[in-house]
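Peer 1: TSV, C-alpha atoms, file structure-v2.tsv:
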```
chain	number	residue	atom	x	y	z
L	1	MET	CA	0.00	0.00	0.00
L	2	TYR	CA	2.89	2.37	0.80
L	3	PRO	CA	5.78	1.28	-1.42
L	4	ASN	CA	8.05	4.20	-0.50
L	5	LEU	CA	7.54	3.64	3.21
L	6	GLU	CA	8.20	-0.07	2.81
L	7	ALA	CA	11.38	0.64	0.83
L	8	GLU	CA	12.69	3.12	3.40
L	9	LEU	CA	11.96	0.72	6.26
L	10	ALA	CA	13.73	-2.08	4.40
L	11	ARG	CA	16.71	0.19	3.78
L	12	ILE	CA	17.30	0.48	7.53
L	13	HIS	CA	16.15	-3.07	8.30
L	14	ALA	CA	13.19	-1.84	10.37
L	15	THR	CA	10.23	-4.13	10.96
L	16	GLN	CA	6.55	-3.60	11.58
L	17	LYS	CA	7.32	-4.47	15.20
L	18	ASP	CA	9.71	-1.49	15.32
L	19	ILE	CA	7.02	0.78	13.89
L	20	ALA	CA	4.48	-0.56	16.38
L	21	LYS	CA	6.76	0.45	19.26
L	22	ILE	CA	7.23	3.91	17.81
L	23	ILE	CA	3.55	4.65	17.31
L	24	GLY	CA	2.32	2.73	20.35
L	25	CYS	CA	0.25	-0.07	18.86
L	26	THR	CA	0.53	-3.75	18.05
L	27	PRO	CA	2.36	-5.19	15.04
L	28	GLY	CA	-1.02	-6.46	13.82
L	29	THR	CA	-2.38	-2.93	13.79
L	30	VAL	CA	0.65	-1.75	11.81
L	31	SER	CA	0.03	-4.59	9.36
L	32	GLN	CA	-3.55	-3.43	8.87
L	33	LYS	CA	-2.41	0.16	8.36
L	34	MET	CA	0.34	-0.88	5.91
L	35	GLY	CA	-2.20	-2.98	4.04
L	36	GLY	CA	-4.70	-0.14	3.75
L	37	LYS	CA	-7.36	-1.66	6.01
L	38	SER	CA	-7.01	1.34	8.32
L	39	SER	CA	-5.08	4.59	8.13
L	40	PHE	CA	-2.11	6.10	9.88
L	41	SER	CA	-2.97	9.23	11.82
L	42	VAL	CA	-0.99	12.41	11.21
L	43	PRO	CA	0.81	12.12	14.58
L	44	GLU	CA	1.72	8.49	13.74
L	45	ALA	CA	3.01	9.53	10.31
L	46	LYS	CA	5.16	12.24	11.91
L	47	LYS	CA	6.62	9.74	14.40
L	48	ILE	CA	7.50	7.39	11.54
L	49	GLN	CA	8.97	10.28	9.54
L	50	ASN	CA	11.16	11.25	12.52
L	51	PHE	CA	12.21	7.63	13.03
L	52	LEU	CA	13.41	7.58	9.42
L	53	GLY	CA	15.53	10.67	10.00
L	54	GLY	CA	13.03	13.44	9.33
L	55	ASN	CA	14.44	14.32	5.91
L	56	LEU	CA	11.79	12.48	3.86
L	57	SER	CA	8.43	14.14	3.33
L	58	ILE	CA	5.24	12.60	4.62
L	59	GLU	CA	3.84	12.93	1.10
L	60	TYR	CA	6.68	10.78	-0.23
L	61	LEU	CA	6.56	8.21	2.56
L	62	PHE	CA	2.81	7.71	2.46
L	63	ALA	CA	2.27	7.89	-1.29
L	64	THR	CA	0.20	4.95	-2.43
L	65	THR	CA	1.98	4.73	-5.80
L	66	CYS	CA	5.65	5.11	-6.73
```
The structure given in the file should be rewritten as structure tokens.

Peer 2:
Amino acid sequence: MYPNLEAELARIHATQKDIAKIIGCTPGTVSQKMGGKSSFSVPEAKKIQNFLGGNLSIEYLFATTC
């Protein structure tokens, strides 16, 4: 659902479990959000952006197409 986000996470070897810790939910919830069954909130997106270094835009990270 979010190919850029998945690529950036893979680049640093981060897992959905890592993202779950950052945004304060379960890995299953992250899986649903990554799969498009639910959405990331803006505060969650900002936490993920900061985790990835803060230099990538939210628009880039959460684009649904490449």

Peer 1: Between atom CA of Ile22 of chain L and atom CA of Lys47 of chain L, what is the spacing in Å?

Peer 2: 6.8 Å

Peer 1: Write out as a list in words which residues come within 12 Å of Ser39 of chain L when counting only C-alpha atoms, dropping same-chain ones fewer than 5 positions away.

Peer 2: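 The filter keeps Met1, Tyr2, Thr29, Val30, Ser31, Gln32, Lys33, Met34, Glu44, Ala45, Phe62 and Thr64 of chain L.
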
Peer 1: Could you please determine the separation between atom CA of Ile23 of chain L and atom CA of Ile48 of chain L in Å, to one decimal place?

Peer 2: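 These atoms are spaced 7.5 Å apart.
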
Peer 1: Work out how far atom CA of His13 of chain L is from atom CA of Gly35 of chain L, in Å to one decimal.

Peer 2: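 Distance reported for this atom pair: 18.8 Å.
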
Peer 1: Report as a list in words all protein, DNA and RNA residues lying within 12 Å of Pro3 of chain L, evaluated on all atoms listed in the file, omitting residues in the same chain fewer than 3 positions from it.

Peer 2: Glu6, Ala7, Glu8, Leu9, Ala10, Met34, Gly35, Gly36, Tyr60, Leu61, Phe62, Ala63, Thr64, Thr65 and Cys66 of chain L

Peer 1: How big is the axis-aligned box around the listed atoms of segment 32-37 of chain L once 8 Å is added on each side, and where is its centre? Give both in Å to one decimal, as AutoDock Vina command-line options.

Peer 2:
```
--center_x -3.5 --center_y -1.6 --center_z 6.3 --size_x 23.7 --size_y 19.6 --size_z 21.1
```

Peer 1: Which is closer to Gly28 of chain L than all the others in L:Asn4, L:Ile58, L:Gln16, L:Leu52, using all atoms listed in the file?

Peer 2: L:Gln16
